file data27.txt (compact mmCIF, C-alpha atoms)
# COMPACT_ATOMS: atom_id res chain seq x y z
CA GLN A 49 15.78 -8.90 15.01
CA GLN A 50 19.03 -7.29 14.04
CA HIS A 51 22.42 -6.53 15.52
CA GLY A 52 22.32 -3.28 13.55
CA TRP A 53 20.90 -1.93 10.33
CA ASN A 54 21.00 -4.58 7.57
CA TRP A 55 22.75 -7.01 9.92
CA PRO A 56 20.07 -9.52 10.93
CA TYR A 57 20.59 -12.39 13.28
CA GLN A 58 21.65 -15.54 11.45
CA LEU A 59 20.34 -18.68 13.06
CA MET A 60 22.12 -21.82 11.96
CA LYS A 61 23.40 -25.11 13.14
CA LEU A 62 26.72 -25.81 11.52
CA PRO A 63 28.14 -29.28 11.08
CA SER A 64 31.22 -29.64 13.24
CA SER A 65 33.35 -29.93 10.10
CA LEU A 66 32.34 -26.37 9.13
CA ALA A 67 32.18 -24.83 12.59
CA THR A 68 35.95 -24.54 12.80
CA SER A 69 36.09 -22.53 9.57
CA VAL A 70 33.69 -19.81 10.76
CA THR A 71 35.62 -16.66 11.52
CA SER A 72 32.96 -14.99 13.65
CA SER A 73 33.77 -15.02 17.35
CA ARG A 74 30.10 -15.41 18.19
CA LEU A 75 27.31 -17.25 16.39
CA ASP A 76 23.68 -16.33 16.92
CA SER A 77 21.48 -18.95 18.49
CA ALA A 78 17.79 -19.35 19.22
CA ARG A 79 18.55 -18.35 22.83
CA ASP A 80 19.52 -14.88 21.51
CA CYS A 81 16.17 -14.23 19.85
CA ASP A 82 13.43 -12.02 21.18
CA ARG A 83 10.33 -13.99 22.10
CA TYR A 84 6.78 -12.76 21.79
CA GLN A 85 3.43 -14.06 22.92
CA PHE A 86 0.16 -13.11 21.27
CA CYS A 87 -3.45 -14.00 21.89
CA VAL A 88 -4.87 -15.56 18.75
CA TYR A 89 -8.42 -16.46 17.87
CA PRO A 90 -10.03 -18.80 15.35
CA GLY A 91 -9.87 -17.18 11.93
CA ASP A 92 -6.67 -15.25 12.63
CA LEU A 93 -3.92 -15.55 10.04
CA VAL A 94 -0.38 -16.03 11.37
CA LEU A 95 2.50 -15.15 9.03
CA LEU A 96 6.15 -15.96 9.69
CA PHE A 97 8.70 -14.64 7.21
CA THR A 98 12.29 -13.71 6.55
CA ASP A 99 13.59 -10.19 6.11
CA GLY A 100 13.80 -10.78 2.36
CA PHE A 101 10.00 -10.69 2.40
CA SER A 102 9.50 -7.63 4.63
CA ASP A 103 12.34 -5.72 2.91
CA ASN A 104 10.38 -5.85 -0.35
CA LEU A 105 6.70 -5.44 0.55
CA TYR A 106 5.01 -2.81 2.67
CA GLU A 107 2.51 -3.97 5.28
CA SER A 108 -0.30 -2.35 3.28
CA GLU A 109 0.70 -4.40 0.22
CA ILE A 110 0.78 -7.61 2.23
CA LEU A 111 -2.67 -6.90 3.64
CA GLU A 112 -4.02 -6.12 0.16
CA ILE A 113 -2.79 -9.46 -1.20
CA VAL A 114 -4.46 -11.27 1.70
CA ARG A 115 -7.64 -9.20 1.27
CA VAL A 116 -7.85 -10.08 -2.44
CA MET A 117 -7.30 -13.77 -1.75
CA LEU A 118 -10.00 -13.71 0.93
CA SER A 119 -12.43 -11.99 -1.44
CA GLU A 120 -11.74 -14.64 -4.07
CA SER A 121 -12.36 -17.53 -1.67
CA ASP A 122 -15.80 -19.10 -1.67
CA PRO A 123 -16.95 -20.27 1.76
CA THR A 124 -19.62 -22.42 0.13
CA LEU A 125 -17.00 -24.55 -1.62
CA PRO A 126 -15.37 -27.37 0.32
CA SER A 127 -11.86 -26.74 1.56
CA PRO A 128 -9.53 -29.34 3.05
CA ASP A 129 -10.12 -28.07 6.57
CA GLY A 130 -13.78 -27.14 6.06
CA SER A 131 -13.17 -23.45 6.80
CA GLY A 132 -13.69 -22.02 3.32
CA LEU A 133 -10.53 -19.96 3.84
CA PRO A 134 -7.76 -19.84 1.23
CA SER A 135 -5.17 -22.51 1.86
CA PRO A 136 -2.20 -21.30 3.88
CA GLU A 137 0.10 -22.84 1.25
CA ARG A 138 -1.53 -20.76 -1.49
CA LEU A 139 -1.40 -17.61 0.63
CA ALA A 140 2.27 -18.10 1.48
CA ALA A 141 3.15 -18.83 -2.15
CA SER A 142 1.30 -15.74 -3.41
CA LEU A 143 2.96 -13.50 -0.83
CA ALA A 144 6.42 -14.91 -1.53
CA HIS A 145 5.89 -14.54 -5.28
CA ALA A 146 4.91 -10.87 -4.88
CA ALA A 147 8.00 -10.18 -2.77
CA LYS A 148 10.26 -12.03 -5.23
CA LYS A 149 8.84 -10.06 -8.16
CA ARG A 150 9.38 -6.78 -6.32
CA SER A 151 12.91 -7.79 -5.27
CA ARG A 152 13.86 -8.06 -8.95
CA ASN A 153 12.48 -4.66 -9.94
CA PRO A 154 15.41 -2.22 -10.22
CA ALA A 155 13.08 0.80 -10.11
CA ALA A 156 10.94 -0.24 -7.13
CA TRP A 157 10.82 1.78 -3.93
CA VAL A 158 10.59 -0.81 -1.16
CA PRO A 159 10.75 -0.78 2.66
CA PHE A 160 14.47 -1.50 2.43
CA CYS A 161 14.91 1.81 0.56
CA ASP A 162 13.17 3.62 3.43
CA ALA A 163 15.46 1.97 5.98
CA ALA A 164 18.55 2.72 3.89
CA LYS A 165 17.56 6.39 3.64
CA GLN A 166 17.11 6.58 7.44
CA HIS A 167 20.68 5.29 7.80
CA GLY A 168 22.21 7.70 5.31
CA TYR A 169 22.34 5.42 2.26
CA LYS A 170 20.84 6.00 -1.16
CA THR A 171 19.37 2.95 -2.82
CA LEU A 172 16.65 2.20 -5.33
CA GLY A 173 15.16 -1.07 -6.43
CA GLY A 174 14.06 -4.22 -4.76
CA LYS A 175 16.40 -6.04 -2.41
CA VAL A 176 17.35 -9.45 -3.76
CA ASP A 177 17.48 -11.80 -0.80
CA ASP A 178 16.17 -15.15 0.34
CA ILE A 179 12.40 -14.97 0.74
CA THR A 180 10.49 -17.39 2.94
CA VAL A 181 6.86 -17.10 4.01
CA VAL A 182 4.92 -19.51 6.21
CA ALA A 183 1.18 -18.98 6.70
CA ALA A 184 -1.23 -20.66 9.11
CA TRP A 185 -4.86 -20.11 9.97
CA VAL A 186 -5.81 -20.36 13.64
CA MET A 187 -8.58 -22.96 13.86
CA ALA A 188 -11.05 -23.65 16.64
CA GLU A 189 -10.38 -26.74 18.69
CA SER A 190 -12.45 -29.63 17.50
call {"tool": "encode", "arguments": {"input": "data27.txt", "output": "structure tokens"}}
result
Amino acid sequence: QQHGWNWPYQLMKLPSSLATSVTSSRLDSARDCDRYQFCVYPGDLVLLFTDGFSDNLYESEILEIVRVMLSESDPTLPSPDGSGLPSPERLAASLAHAAKKRSRNPAAWVPFCDAAKQHGYKTLGGKVDDITVVAAWVMAES
């Protein structure tokens, strides 16, 4: 969610000692965020991530990384949850690593370049930014 192009919401809770030094007249809060509801089913993968992730990897690249990790998993081997699925920690780490690598490539064409072009800017190379990825498998109730 963004106020405008390349101006994402910034959710934070400032200590009172710092709050007085913030020059913005309005701070974003969780109440300002869009909310979504989705139906999920056992076996679905849920990904939560920052814009530093999605600015550097296309959806097709994200899906390919997940596909490869799924193909490398062995459902006959024991996994901590008994599902045979790749661990969400490993998935999140692999995805974040790919985005970080791309963000440091000065010759990469990334989703951020597409967005910049749509807004009249010329840019090339990955977008260095904070990158956070959280992954979770939806499991059946036991």
call {"tool": "closest_residue", "arguments": {"input": "data27.txt", "among": "A:Tyr89, A:Phe97, A:Trp53, A:Tyr106", "to": "Pro159 (chain A)", "atoms": "all atoms listed in the file"}}
result
A:Tyr106
call {"tool": "closest_residue", "arguments": {"input": "data27.txt", "among": "A:Ala141, A:Val88, A:Val94, A:Val176", "to": "Ala188 (chain A)", "atoms": "only C-alpha atoms"}}
result
A:Val88
call {"tool": "residues_around", "arguments": {"input": "data27.txt", "residues": "Pro134 (chain A)", "least_positions_apart": "3", "cutoff": "9 Å", "atoms": "only C-alpha atoms", "output": "list in words"}}
result
Met117, Leu118, Glu120, Ser121, Asp122, Ser127, Ser131, Glu137, Arg138 and Leu139 of chain A
call {"tool": "closest_residue", "arguments": {"input": "data27.txt", "among": "A:Gly91, A:Pro63, A:Gly52, A:Pro154", "to": "Asn104 (chain A)", "atoms": "all atoms listed in the file"}}
result
A:Pro154
call {"tool": "closest_residue", "arguments": {"input": "data27.txt", "among": "A:Met187, A:Leu66, A:Thr180, A:Ala78", "to": "Ala146 (chain A)", "atoms": "all atoms listed in the file"}}
result
A:Thr180
call {"tool": "closest_residue", "arguments": {"input": "data27.txt", "among": "A:Leu143, A:Leu105, A:Ile113, A:Val186", "to": "Gly173 (chain A)", "atoms": "all atoms listed in the file"}}
result
A:Leu105
call {"tool": "atom_distance", "arguments": {"input": "data27.txt", "atom1": "CA of Phe101 (chain A)", "atom2": "CA of His145 (chain A)"}}
result
9.5 Å
call {"tool": "closest_residue", "arguments": {"input": "data27.txt", "among": "A:Asp178, A:Asp103, A:Asp82, A:Asp92", "to": "Pro136 (chain A)", "atoms": "all atoms listed in the file"}}
result
A:Asp92
call {"tool": "decode", "arguments": {"input": "data27.txt", "residues": "region 58-99 of chain A", "atoms": "N, CA and C atoms", "output": "PDB file, in the first residue's frame"}}
result
ATOM      1  N   GLN A  58       4.529   3.581   6.080  1.00  0.00           N
ATOM      2  CA  GLN A  58       5.582   3.241   7.041  1.00  0.00           C
ATOM      3  C   GLN A  58       4.921   3.009   8.388  1.00  0.00           C
ATOM      4  N   LEU A  59       4.809   1.762   8.758  1.00  0.00           N
ATOM      5  CA  LEU A  59       4.185   1.436  10.035  1.00  0.00           C
ATOM      6  C   LEU A  59       5.263   1.364  11.110  1.00  0.00           C
ATOM      7  N   MET A  60       5.065   2.101  12.167  1.00  0.00           N
ATOM      8  CA  MET A  60       6.051   2.112  13.243  1.00  0.00           C
ATOM      9  C   MET A  60       5.395   2.548  14.533  1.00  0.00           C
ATOM     10  N   LYS A  61       6.038   2.185  15.583  1.00  0.00           N
ATOM     11  CA  LYS A  61       5.624   2.663  16.897  1.00  0.00           C
ATOM     12  C   LYS A  61       6.865   3.323  17.480  1.00  0.00           C
ATOM     13  N   LEU A  62       6.819   4.619  17.556  1.00  0.00           N
ATOM     14  CA  LEU A  62       7.973   5.370  18.037  1.00  0.00           C
ATOM     15  C   LEU A  62       7.948   5.515  19.548  1.00  0.00           C
ATOM     16  N   PRO A  63       9.103   5.389  20.170  1.00  0.00           N
ATOM     17  CA  PRO A  63       9.173   5.725  21.594  1.00  0.00           C
ATOM     18  C   PRO A  63       8.809   7.202  21.765  1.00  0.00           C
ATOM     19  N   SER A  64       8.199   7.530  22.850  1.00  0.00           N
ATOM     20  CA  SER A  64       7.768   8.923  23.060  1.00  0.00           C
ATOM     21  C   SER A  64       8.933   9.896  22.971  1.00  0.00           C
ATOM     22  N   SER A  65      10.138   9.457  23.329  1.00  0.00           N
ATOM     23  CA  SER A  65      11.297  10.347  23.254  1.00  0.00           C
ATOM     24  C   SER A  65      11.638  10.715  21.814  1.00  0.00           C
ATOM     25  N   LEU A  66      11.267   9.854  20.841  1.00  0.00           N
ATOM     26  CA  LEU A  66      11.531  10.160  19.436  1.00  0.00           C
ATOM     27  C   LEU A  66      10.331  10.781  18.732  1.00  0.00           C
ATOM     28  N   ALA A  67       9.160  10.521  19.229  1.00  0.00           N
ATOM     29  CA  ALA A  67       7.942  10.987  18.568  1.00  0.00           C
ATOM     30  C   ALA A  67       7.921  12.496  18.381  1.00  0.00           C
ATOM     31  N   THR A  68       8.481  13.229  19.312  1.00  0.00           N
ATOM     32  CA  THR A  68       8.473  14.686  19.204  1.00  0.00           C
ATOM     33  C   THR A  68       9.428  15.189  18.133  1.00  0.00           C
ATOM     34  N   SER A  69      10.396  14.360  17.727  1.00  0.00           N
ATOM     35  CA  SER A  69      11.360  14.807  16.724  1.00  0.00           C
ATOM     36  C   SER A  69      10.928  14.489  15.299  1.00  0.00           C
ATOM     37  N   VAL A  70       9.824  13.783  15.124  1.00  0.00           N
ATOM     38  CA  VAL A  70       9.329  13.448  13.788  1.00  0.00           C
ATOM     39  C   VAL A  70       8.654  14.674  13.197  1.00  0.00           C
ATOM     40  N   THR A  71       9.075  15.013  11.988  1.00  0.00           N
ATOM     41  CA  THR A  71       8.563  16.232  11.368  1.00  0.00           C
ATOM     42  C   THR A  71       7.267  16.015  10.600  1.00  0.00           C
ATOM     43  N   SER A  72       6.933  14.768  10.299  1.00  0.00           N
ATOM     44  CA  SER A  72       5.715  14.496   9.552  1.00  0.00           C
ATOM     45  C   SER A  72       4.503  14.891  10.391  1.00  0.00           C
ATOM     46  N   SER A  73       3.517  15.478   9.729  1.00  0.00           N
ATOM     47  CA  SER A  73       2.312  15.873  10.455  1.00  0.00           C
ATOM     48  C   SER A  73       1.403  14.668  10.710  1.00  0.00           C
ATOM     49  N   ARG A  74       1.639  13.590   9.976  1.00  0.00           N
ATOM     50  CA  ARG A  74       0.783  12.421  10.130  1.00  0.00           C
ATOM     51  C   ARG A  74       1.623  11.160   9.997  1.00  0.00           C
ATOM     52  N   LEU A  75       1.522  10.273  10.958  1.00  0.00           N
ATOM     53  CA  LEU A  75       2.201   8.993  10.907  1.00  0.00           C
ATOM     54  C   LEU A  75       1.205   7.921  10.479  1.00  0.00           C
ATOM     55  N   ASP A  76       1.668   6.982   9.679  1.00  0.00           N
ATOM     56  CA  ASP A  76       0.815   5.868   9.276  1.00  0.00           C
ATOM     57  C   ASP A  76       0.616   4.931  10.460  1.00  0.00           C
ATOM     58  N   SER A  77      -0.542   4.329  10.511  1.00  0.00           N
ATOM     59  CA  SER A  77      -0.809   3.350  11.565  1.00  0.00           C
ATOM     60  C   SER A  77      -1.476   2.132  10.944  1.00  0.00           C
ATOM     61  N   ALA A  78      -1.575   1.078  11.706  1.00  0.00           N
ATOM     62  CA  ALA A  78      -2.218  -0.136  11.223  1.00  0.00           C
ATOM     63  C   ALA A  78      -3.671   0.129  10.826  1.00  0.00           C
ATOM     64  N   ARG A  79      -4.310   1.102  11.462  1.00  0.00           N
ATOM     65  CA  ARG A  79      -5.698   1.445  11.110  1.00  0.00           C
ATOM     66  C   ARG A  79      -5.805   1.975   9.680  1.00  0.00           C
ATOM     67  N   ASP A  80      -4.693   2.507   9.131  1.00  0.00           N
ATOM     68  CA  ASP A  80      -4.698   3.066   7.783  1.00  0.00           C
ATOM     69  C   ASP A  80      -4.567   2.010   6.685  1.00  0.00           C
ATOM     70  N   CYS A  81      -4.188   0.808   7.059  1.00  0.00           N
ATOM     71  CA  CYS A  81      -3.875  -0.229   6.076  1.00  0.00           C
ATOM     72  C   CYS A  81      -5.125  -0.842   5.468  1.00  0.00           C
ATOM     73  N   ASP A  82      -4.983  -1.221   4.205  1.00  0.00           N
ATOM     74  CA  ASP A  82      -6.027  -2.027   3.576  1.00  0.00           C
ATOM     75  C   ASP A  82      -6.020  -3.396   4.236  1.00  0.00           C
ATOM     76  N   ARG A  83      -7.185  -3.996   4.344  1.00  0.00           N
ATOM     77  CA  ARG A  83      -7.297  -5.342   4.902  1.00  0.00           C
ATOM     78  C   ARG A  83      -7.904  -6.243   3.839  1.00  0.00           C
ATOM     79  N   TYR A  84      -7.423  -7.469   3.817  1.00  0.00           N
ATOM     80  CA  TYR A  84      -7.897  -8.443   2.852  1.00  0.00           C
ATOM     81  C   TYR A  84      -8.246  -9.734   3.570  1.00  0.00           C
ATOM     82  N   GLN A  85      -9.188 -10.446   3.018  1.00  0.00           N
ATOM     83  CA  GLN A  85      -9.512 -11.776   3.521  1.00  0.00           C
ATOM     84  C   GLN A  85      -9.461 -12.728   2.346  1.00  0.00           C
ATOM     85  N   PHE A  86      -8.849 -13.890   2.579  1.00  0.00           N
ATOM     86  CA  PHE A  86      -8.724 -14.904   1.546  1.00  0.00           C
ATOM     87  C   PHE A  86      -9.138 -16.249   2.118  1.00  0.00           C
ATOM     88  N   CYS A  87      -9.718 -17.081   1.284  1.00  0.00           N
ATOM     89  CA  CYS A  87      -9.948 -18.466   1.672  1.00  0.00           C
ATOM     90  C   CYS A  87      -8.639 -19.212   1.426  1.00  0.00           C
ATOM     91  N   VAL A  88      -8.195 -19.956   2.410  1.00  0.00           N
ATOM     92  CA  VAL A  88      -6.990 -20.753   2.253  1.00  0.00           C
ATOM     93  C   VAL A  88      -7.322 -22.210   2.550  1.00  0.00           C
ATOM     94  N   TYR A  89      -6.514 -23.084   1.993  1.00  0.00           N
ATOM     95  CA  TYR A  89      -6.748 -24.513   2.125  1.00  0.00           C
ATOM     96  C   TYR A  89      -5.447 -25.202   2.514  1.00  0.00           C
ATOM     97  N   PRO A  90      -5.546 -26.341   3.166  1.00  0.00           N
ATOM     98  CA  PRO A  90      -4.320 -27.079   3.517  1.00  0.00           C
ATOM     99  C   PRO A  90      -3.433 -27.278   2.286  1.00  0.00           C
ATOM    100  N   GLY A  91      -2.159 -26.972   2.468  1.00  0.00           N
ATOM    101  CA  GLY A  91      -1.197 -27.065   1.371  1.00  0.00           C
ATOM    102  C   GLY A  91      -0.916 -25.735   0.707  1.00  0.00           C
ATOM    103  N   ASP A  92      -1.748 -24.727   0.958  1.00  0.00           N
ATOM    104  CA  ASP A  92      -1.476 -23.394   0.404  1.00  0.00           C
ATOM    105  C   ASP A  92      -0.245 -22.795   1.082  1.00  0.00           C
ATOM    106  N   LEU A  93       0.496 -22.023   0.325  1.00  0.00           N
ATOM    107  CA  LEU A  93       1.642 -21.289   0.848  1.00  0.00           C
ATOM    108  C   LEU A  93       1.254 -19.822   0.970  1.00  0.00           C
ATOM    109  N   VAL A  94       1.436 -19.256   2.147  1.00  0.00           N
ATOM    110  CA  VAL A  94       1.161 -17.836   2.378  1.00  0.00           C
ATOM    111  C   VAL A  94       2.499 -17.122   2.505  1.00  0.00           C
ATOM    112  N   LEU A  95       2.686 -16.062   1.706  1.00  0.00           N
ATOM    113  CA  LEU A  95       3.895 -15.251   1.768  1.00  0.00           C
ATOM    114  C   LEU A  95       3.533 -13.832   2.157  1.00  0.00           C
ATOM    115  N   LEU A  96       4.234 -13.292   3.130  1.00  0.00           N
ATOM    116  CA  LEU A  96       4.129 -11.889   3.515  1.00  0.00           C
ATOM    117  C   LEU A  96       5.505 -11.294   3.282  1.00  0.00           C
ATOM    118  N   PHE A  97       5.562 -10.092   2.698  1.00  0.00           N
ATOM    119  CA  PHE A  97       6.876  -9.533   2.383  1.00  0.00           C
ATOM    120  C   PHE A  97       6.820  -8.019   2.253  1.00  0.00           C
ATOM    121  N   THR A  98       8.001  -7.431   2.364  1.00  0.00           N
ATOM    122  CA  THR A  98       8.137  -5.985   2.212  1.00  0.00           C
ATOM    123  C   THR A  98       8.312  -5.632   0.732  1.00  0.00           C
ATOM    124  N   ASP A  99       8.185  -4.345   0.448  1.00  0.00           N
ATOM    125  CA  ASP A  99       8.342  -3.896  -0.928  1.00  0.00           C
ATOM    126  C   ASP A  99       9.768  -4.097  -1.447  1.00  0.00           C
TER     127      ASP A  99
END
